[in-house]
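*Asks:* This one is data03.json, JSON, C-alpha atoms.
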[["chain", "number", "residue", "atom", "x", "y", "z"],
["A", 1, "MET", "CA", 42.14, 163.90, 167.25],
["A", 2, "LEU", "CA", 39.81, 160.99, 166.73],
["A", 3, "ASN", "CA", 41.51, 157.99, 165.16],
["A", 4, "GLU", "CA", 38.82, 157.89, 162.46],
["A", 5, "ALA", "CA", 40.13, 161.20, 161.14],
["A", 6, "GLN", "CA", 43.73, 160.04, 160.85],
["A", 7, "GLU", "CA", 45.47, 157.49, 158.69],
["A", 8, "ALA", "CA", 49.01, 156.33, 159.36],
["A", 9, "GLY", "CA", 51.43, 156.77, 156.53],
["A", 10, "ALA", "CA", 49.57, 159.60, 154.82],
["A", 11, "GLU", "CA", 51.54, 162.67, 153.81],
["A", 12, "HIS", "CA", 50.40, 165.48, 156.06],
["A", 13, "ILE", "CA", 51.15, 168.53, 153.96],
["A", 14, "GLY", "CA", 47.74, 170.05, 154.60],
["A", 15, "LEU", "CA", 44.95, 169.96, 157.13],
["A", 16, "ILE", "CA", 41.30, 169.03, 157.19],
["A", 17, "ARG", "CA", 38.62, 171.35, 158.46],
["A", 18, "ARG", "CA", 34.98, 172.14, 157.84],
["A", 19, "LEU", "CA", 34.16, 174.78, 155.26],
["A", 20, "LEU", "CA", 32.17, 177.70, 156.65],
["A", 21, "THR", "CA", 28.94, 178.78, 154.93],
["A", 22, "SER", "CA", 30.78, 181.84, 153.65],
["A", 23, "GLU", "CA", 33.39, 179.61, 151.98],
["A", 24, "THR", "CA", 31.23, 177.78, 149.43],
["A", 25, "TYR", "CA", 33.25, 179.54, 146.74],
["A", 26, "LEU", "CA", 36.23, 177.40, 147.80],
["A", 27, "LEU", "CA", 34.23, 174.27, 146.99],
["A", 28, "ARG", "CA", 33.28, 175.77, 143.62],
["A", 29, "GLU", "CA", 36.90, 176.60, 142.80],
["A", 30, "HIS", "CA", 38.03, 173.11, 143.82],
["A", 31, "LEU", "CA", 35.39, 171.37, 141.69],
["A", 32, "GLN", "CA", 36.23, 173.57, 138.71],
["A", 33, "ARG", "CA", 39.90, 172.57, 138.97],
["A", 34, "LEU", "CA", 39.00, 168.87, 138.65],
["A", 35, "ASP", "CA", 39.94, 167.37, 135.32],
["A", 36, "HIS", "CA", 37.37, 165.68, 133.08],
["A", 37, "GLU", "CA", 37.93, 162.21, 134.55],
["A", 38, "ALA", "CA", 37.72, 163.41, 138.17],
["A", 39, "ARG", "CA", 34.50, 165.33, 137.47],
["A", 40, "HIS", "CA", 32.99, 162.23, 135.91],
["A", 41, "ARG", "CA", 33.96, 160.12, 138.96],
["A", 42, "ARG", "CA", 32.56, 162.72, 141.34],
["A", 43, "PHE", "CA", 29.18, 163.30, 139.67],
["A", 44, "GLY", "CA", 28.74, 160.10, 137.65],
["A", 45, "HIS", "CA", 28.45, 162.04, 134.40],
["A", 46, "ASN", "CA", 30.06, 164.97, 132.59],
["A", 47, "VAL", "CA", 29.31, 168.34, 134.16],
["A", 48, "SER", "CA", 29.91, 171.92, 133.06],
["A", 49, "ASP", "CA", 31.26, 174.86, 135.04],
["A", 50, "ASP", "CA", 27.71, 176.26, 135.16],
["A", 51, "PHE", "CA", 26.47, 173.03, 136.76],
["A", 52, "ILE", "CA", 29.29, 173.24, 139.32],
["A", 53, "ASN", "CA", 28.42, 176.87, 140.10],
["A", 54, "ARG", "CA", 24.81, 175.93, 140.84],
["A", 55, "TYR", "CA", 25.80, 172.83, 142.79],
["A", 56, "ALA", "CA", 28.35, 174.59, 145.00],
["A", 57, "ALA", "CA", 25.89, 177.38, 145.79],
["A", 58, "HIS", "CA", 23.89, 174.84, 147.84],
["A", 59, "ALA", "CA", 26.84, 173.54, 149.87],
["A", 60, "GLY", "CA", 25.86, 175.80, 152.75],
["A", 61, "ASP", "CA", 22.21, 174.72, 152.81],
["A", 62, "PHE", "CA", 20.84, 173.58, 156.16],
["A", 63, "GLY", "CA", 22.17, 170.18, 157.18],
["A", 64, "ASN", "CA", 24.96, 170.00, 154.60],
["A", 65, "VAL", "CA", 28.51, 169.67, 155.89],
["A", 66, "THR", "CA", 31.60, 169.99, 153.70],
["A", 67, "PHE", "CA", 35.12, 169.17, 154.82],
["A", 68, "GLY", "CA", 38.07, 170.46, 152.86],
["A", 69, "TYR", "CA", 41.67, 169.37, 152.72],
["A", 70, "PHE", "CA", 43.55, 172.68, 152.75],
["A", 71, "VAL", "CA", 47.02, 173.28, 151.38],
["A", 72, "ASP", "CA", 48.33, 176.86, 151.59],
["A", 73, "GLY", "CA", 44.80, 178.15, 152.11],
["A", 74, "GLU", "CA", 43.32, 176.39, 149.05],
["A", 75, "VAL", "CA", 40.96, 173.40, 149.05],
["A", 76, "ARG", "CA", 42.52, 170.46, 147.20],
["A", 77, "ALA", "CA", 40.08, 167.71, 148.24],
["A", 78, "VAL", "CA", 36.63, 167.61, 149.79],
["A", 79, "ALA", "CA", 34.15, 165.30, 151.44],
["A", 80, "GLU", "CA", 30.52, 166.34, 151.40],
["A", 81, "LEU", "CA", 27.86, 165.09, 153.80],
["A", 82, "ARG", "CA", 24.32, 165.79, 152.64],
["A", 83, "PRO", "CA", 21.22, 164.52, 154.46],
["A", 84, "ASP", "CA", 19.31, 162.06, 152.28],
["A", 85, "ILE", "CA", 15.83, 163.33, 153.06],
["A", 86, "LEU", "CA", 14.05, 161.45, 150.27],
["A", 87, "MET", "CA", 15.59, 158.02, 150.81],
["A", 88, "HIS", "CA", 16.50, 157.80, 154.50],
["A", 89, "ARG", "CA", 15.35, 160.15, 157.22],
["A", 90, "ASP", "CA", 18.19, 158.76, 159.32],
["A", 91, "GLY", "CA", 20.73, 158.67, 156.49],
["A", 92, "ALA", "CA", 23.00, 160.94, 154.52],
["A", 93, "GLU", "CA", 24.88, 160.81, 151.25],
["A", 94, "VAL", "CA", 28.63, 161.26, 151.18],
["A", 95, "ALA", "CA", 30.75, 162.24, 148.18],
["A", 96, "PHE", "CA", 34.46, 162.88, 147.64],
["A", 97, "SER", "CA", 36.74, 164.60, 145.16],
["A", 98, "VAL", "CA", 40.52, 164.94, 145.12],
["A", 99, "GLU", "CA", 42.57, 166.99, 142.70],
["A", 100, "ARG", "CA", 45.01, 164.91, 140.66],
["A", 101, "PRO", "CA", 48.28, 166.14, 142.29],
["A", 102, "PHE", "CA", 46.93, 165.01, 145.68],
["A", 103, "VAL", "CA", 45.65, 161.50, 144.90],
["A", 104, "ASN", "CA", 47.17, 158.39, 146.48],
["A", 105, "ARG", "CA", 48.12, 160.20, 149.70],
["A", 106, "GLY", "CA", 45.43, 158.80, 151.99],
["A", 107, "ILE", "CA", 43.51, 162.09, 151.96],
["A", 108, "ALA", "CA", 40.15, 160.56, 151.02],
["A", 109, "THR", "CA", 40.52, 158.02, 153.82],
["A", 110, "GLN", "CA", 41.15, 160.83, 156.32],
["A", 111, "LEU", "CA", 38.17, 162.76, 154.98],
["A", 112, "MET", "CA", 35.96, 159.69, 155.29],
["A", 113, "GLY", "CA", 36.94, 159.38, 158.94],
["A", 114, "ARG", "CA", 35.95, 162.98, 159.58],
["A", 115, "VAL", "CA", 32.61, 162.50, 157.81],
["A", 116, "ILE", "CA", 31.85, 159.33, 159.78],
["A", 117, "ARG", "CA", 32.52, 161.12, 163.06],
["A", 118, "THR", "CA", 30.18, 163.94, 162.03],
["A", 119, "ALA", "CA", 27.50, 161.46, 160.99],
["A", 120, "ARG", "CA", 27.81, 159.69, 164.36],
["A", 121, "ASN", "CA", 27.37, 162.91, 166.27],
["A", 122, "ARG", "CA", 24.30, 163.88, 164.20],
["A", 123, "GLY", "CA", 22.60, 160.54, 164.73],
["A", 124, "PHE", "CA", 22.74, 159.27, 161.15],
["A", 125, "ARG", "CA", 22.34, 155.51, 160.93],
["A", 126, "HIS", "CA", 23.44, 155.15, 157.30],
["A", 127, "LEU", "CA", 26.05, 156.83, 155.15],
["A", 128, "ILE", "CA", 25.42, 156.16, 151.47],
["A", 129, "LEU", "CA", 28.29, 156.44, 148.98],
["A", 130, "VAL", "CA", 27.58, 155.99, 145.27],
["A", 131, "CYS", "CA", 30.55, 155.42, 142.97],
["A", 132, "LEU", "CA", 31.29, 154.07, 139.51],
["A", 133, "PRO", "CA", 32.20, 150.37, 139.19],
["A", 134, "ASP", "CA", 35.77, 151.23, 138.11],
["A", 135, "ASN", "CA", 36.42, 153.45, 141.16],
["A", 136, "ALA", "CA", 38.28, 150.73, 143.07],
["A", 137, "LYS", "CA", 39.97, 153.23, 145.41],
["A", 138, "MET", "CA", 36.71, 154.60, 146.77],
["A", 139, "GLN", "CA", 35.29, 151.10, 147.13],
["A", 140, "ALA", "CA", 38.40, 150.09, 149.11],
["A", 141, "ILE", "CA", 37.98, 153.11, 151.42],
["A", 142, "ALA", "CA", 34.32, 152.24, 151.98],
["A", 143, "ARG", "CA", 35.26, 148.63, 152.82],
["A", 144, "HIS", "CA", 37.96, 149.94, 155.19],
["A", 145, "TYR", "CA", 35.16, 151.51, 157.22],
["A", 146, "GLY", "CA", 32.98, 148.39, 157.15],
["A", 147, "ALA", "CA", 30.67, 149.30, 154.28],
["A", 148, "GLU", "CA", 28.32, 146.82, 152.67],
["A", 149, "LEU", "CA", 28.61, 147.16, 148.87],
["A", 150, "LYS", "CA", 26.02, 146.29, 146.26],
["A", 151, "VAL", "CA", 25.48, 146.93, 142.56],
["A", 152, "GLU", "CA", 22.46, 149.03, 141.63],
["A", 153, "ASP", "CA", 21.64, 150.60, 138.25],
["A", 154, "GLY", "CA", 25.23, 150.24, 137.07],
["A", 155, "SER", "CA", 26.70, 151.94, 140.15],
["A", 156, "ILE", "CA", 28.28, 150.64, 143.34],
["A", 157, "ILE", "CA", 26.29, 151.59, 146.44],
["A", 158, "ALA", "CA", 28.19, 151.50, 149.72],
["A", 159, "ASP", "CA", 26.25, 151.63, 152.99],
["A", 160, "ILE", "CA", 28.32, 152.55, 156.04],
["A", 161, "VAL", "CA", 26.67, 152.22, 159.45],
["A", 162, "PRO", "CA", 28.29, 154.66, 161.89],
["A", 163, "LYS", "CA", 28.69, 153.77, 165.56],
["A", 164, "ASP", "CA", 26.73, 155.60, 168.20],
["A", 165, "PRO", "CA", 28.35, 158.85, 169.36],
["A", 166, "ASP", "CA", 30.44, 158.84, 172.50],
["A", 167, "TYR", "CA", 32.40, 161.28, 174.62],
["A", 168, "GLN", "CA", 35.45, 161.07, 172.37],
["A", 169, "SER", "CA", 33.52, 161.76, 169.17],
["A", 170, "TRP", "CA", 31.71, 164.73, 170.74],
["A", 171, "PHE", "CA", 34.84, 166.20, 172.30],
["A", 172, "SER", "CA", 36.96, 165.90, 169.15],
["A", 173, "GLU", "CA", 34.29, 167.61, 167.05],
["A", 174, "ILE", "CA", 33.93, 170.44, 169.57],
["A", 175, "LEU", "CA", 37.69, 170.92, 169.53],
["A", 176, "ASP", "CA", 37.77, 170.90, 165.73],
["A", 177, "GLU", "CA", 34.95, 173.45, 165.57],
["A", 178, "ARG", "CA", 36.82, 175.84, 167.83],
["A", 179, "MET", "CA", 39.87, 175.58, 165.58],
["A", 180, "THR", "CA", 37.86, 175.91, 162.35],
["A", 181, "TYR", "CA", 37.25, 179.64, 162.73],
["A", 182, "LEU", "CA", 40.87, 180.38, 163.61],
["A", 183, "GLN", "CA", 42.16, 178.28, 160.72],
["A", 184, "SER", "CA", 39.64, 179.89, 158.35],
["A", 185, "ALA", "CA", 41.11, 183.32, 159.14],
["A", 186, "LEU", "CA", 44.65, 182.02, 158.60],
["A", 187, "ASP", "CA", 43.67, 180.38, 155.30],
["A", 188, "LEU", "CA", 42.11, 183.64, 154.13],
["A", 189, "GLN", "CA", 45.36, 185.47, 154.89],
["A", 190, "LYS", "CA", 47.29, 182.91, 152.82],
["A", 191, "ARG", "CA", 44.95, 183.38, 149.86],
["A", 192, "VAL", "CA", 45.16, 187.17, 150.10],
["A", 193, "ARG", "CA", 48.98, 187.06, 150.26],
["A", 194, "GLY", "CA", 49.01, 184.67, 147.32],
["A", 195, "SER", "CA", 46.80, 186.93, 145.18],
["A", 196, "ILE", "CA", 48.94, 189.98, 146.02],
["A", 197, "ALA", "CA", 52.08, 188.07, 145.04],
["A", 198, "LEU", "CA", 50.54, 187.34, 141.63]]
The structure given in the file should be rewritten as structure tokens.
*Replies:*
Amino acid sequence: MLNEAQEAGAEHIGLIRRLLTSETYLLREHLQRLDHEARHRRFGHNVSDDFINRYAAHAGDFGNVTFGYFVDGEVRAVAELRPDILMHRDGAEVAFSVERPFVNRGIATQLMGRVIRTARNRGFRHLILVCLPDNAKMQAIARHYGAELKVEDGSIIADIVPKDPDYQSWFSEILDERMTYLQSALDLQKRVRGSIAL
């Protein structure tokens, strides 16, 4: 796999893959499991379950790409890539969320690598990450990937400029896409077995 999608020293108890359009409910379930603090970090303000339901329903809209970190068939962290049509025709917004039991394992860094590769292959020239001033971890991840950070309206805005795509970035995404559908079927089986066991 592409080096951008891997981080040495991280605990590899799960795997990262793209969520299919039919799997937006997995994003919804993940966001609803976030505690109050994690929801606030993710959205910049307090959000209700109803807000999350409406938000997740658009995850499969044209151009949006969501990567999930799967453990036993369940999404425990996500990175979302959404084209920023209003601000940058050649840019996209990126956002992350990680459930508390899975923080500090390098998962967000791995997810960022996957998002950057996808942005490269789609020709985006800017990846915009907005985070709260006290979210030092996300700022460190953005700096790790060469982001320029600035303060704007009380938030930290990170601008990552992806490299141009190359053979390796194209090939690794094609390989991942082929595995996505197989892994999706396996993850579904795990969830079904888990629900039967309950």
*Asks:* May I ask which of the residues A:Gly14, A:Cys131, A:Asn121, A:Arg39 is the closest one to A:Gly106, counting all atoms listed in the file?
*Replies:*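 Ranked by minimum distance to A:Gly106, first place goes to A:Gly14.
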*Asks:* Quick one: residues within 8 Å of A:Ala38, all atoms listed in the file, excluding same-chain residues fewer than 6 positions away - as a ChimeraX atom specification?
*Replies:* /A:97-100
*Asks:* So, counting all atoms listed in the file, which residue among A:Glu93, A:Leu188, A:Ile196, A:Asp134 is closest to A:Ser22?
*Replies:*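 Of the candidates, the smallest distance to A:Ser22 is held by A:Leu188.
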*Asks:* Write out as a ChimeraX atom specification the residues lying within 6 Å of stretch 55-67 of chain A, counting all atoms listed in the file and excluding same-chain residues fewer than 3 positions away.
*Replies:* /A:17-19,21,28,52,78-82
*Asks:* Store the residues of this selection in a file with C-alpha atoms, as a short mmCIF file (atom, residue, chain, number, x, y, z; two decimals), in the frame of the given file.
*Replies:*
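Final output, out_30.cif:
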data_model
loop_
_atom_site.label_atom_id
_atom_site.label_comp_id
_atom_site.auth_asym_id
_atom_site.auth_seq_id
_atom_site.Cartn_x
_atom_site.Cartn_y
_atom_site.Cartn_z
CA ARG A 17 38.62 171.35 158.46
CA ARG A 18 34.98 172.14 157.84
CA LEU A 19 34.16 174.78 155.26
CA THR A 21 28.94 178.78 154.93
CA ARG A 28 33.28 175.77 143.62
CA ILE A 52 29.29 173.24 139.32
CA VAL A 78 36.63 167.61 149.79
CA ALA A 79 34.15 165.30 151.44
CA GLU A 80 30.52 166.34 151.40
CA LEU A 81 27.86 165.09 153.80
CA ARG A 82 24.32 165.79 152.64
#
*Asks:* Enclose the full set of atoms of stretch 177-188 of chain A listed in the file within a box whose edges lie along x, y and z, apply 4 Å of padding to each of the six sides, and report centre and edge lengths in Å to one decimal as JSON.
*Replies:*
{"center_x": 39.8, "center_y": 178.5, "center_z": 161.0, "size_x": 17.7, "size_y": 18.2, "size_z": 21.7}
*Asks:* Closest to A:Ile141 among A:Gly194, A:Phe43, A:Gln110, A:Asp166, using all atoms listed in the file?
*Replies:*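 Closest residue, counting all atoms listed in the file: A:Gln110.
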*Asks:* Go through A:Ala142, A:Val94, A:Leu34, A:Leu111 one by one, measure the shortest atom-to-atom distance of each to A:Tyr69 using all atoms listed in the file, and give the residue with the smallest value.
*Replies:*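 Selected residue with least distance to A:Tyr69: A:Leu111.
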*Asks:* Quick check, in Å to one decimal: how far apart do atom CA of A:Phe70 and atom CA of A:Gln168 lie?
*Replies:* 24.2 Å
*Asks:* When you draw a straight line from atom CA of A:His40 to atom CA of A:Leu149, how long is it in Å?
*Replies:*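 Atom CA of A:Leu149 lies at a distance of 20.4 Å from atom CA of A:His40.
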*Asks:* So the first atom is atom CA of A:Asp90 and the second is atom CA of A:Phe124; what is the distance between them in Å, to one decimal place?
*Replies:*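 It comes out at 4.9 Å.
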*Asks:* Considering all atoms listed in the file, can you say which of A:Ala185, A:His126, A:Asp84, A:Gly44 comes closest to A:Gly154?
*Replies:* A:Gly44
*Asks:* Of the residues A:Ile157, A:Lys137, A:Tyr145, A:Ala92, which is the one nearest to A:Met112, using only C-alpha atoms?
*Replies:*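 The answer is A:Tyr145, which sits nearest to A:Met112.
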*Asks:* Excluding same-chain residues fewer than 4 positions from stretch 170-173 of chain A, what lies within 12 Å of it counting only C-alpha atoms, as an MDAnalysis selection string?
*Replies:* chainID A and resid 1:5 17:18 113:123 164:166 177:180
*Asks:* If we count only C-alpha atoms and set the cut-off at 9 Å, which residues sit around A:Val75, ignoring sequence neighbours fewer than 2 positions away in its own chain? Please answer as a list in words.
*Replies:*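 In the requested form, the answer reads Leu26, Leu27, Glu29, His30, Gly68, Tyr69, Phe70, Val71, Asp72, Gly73, Ala77 and Val78 of chain A.
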*Asks:* Would you kindly identify which residues have an atom no farther than 8 Å from (42.8, 155.9, 150.2), using all atoms listed in the file and the file's own coordinates, and write them out as a ChimeraX atom specification?
*Replies:* /A:104-109,137-138,140-141
*Asks:* Which polymer residues, whether protein, DNA or RNA, lie within 7 Å of the coordinate (37.3, 174.6, 134.0) when you count only C-alpha atoms? List them as a PyMOL selection string, using the chain letters and numbers from the file.
*Replies:* chain A and resi 32-33+49
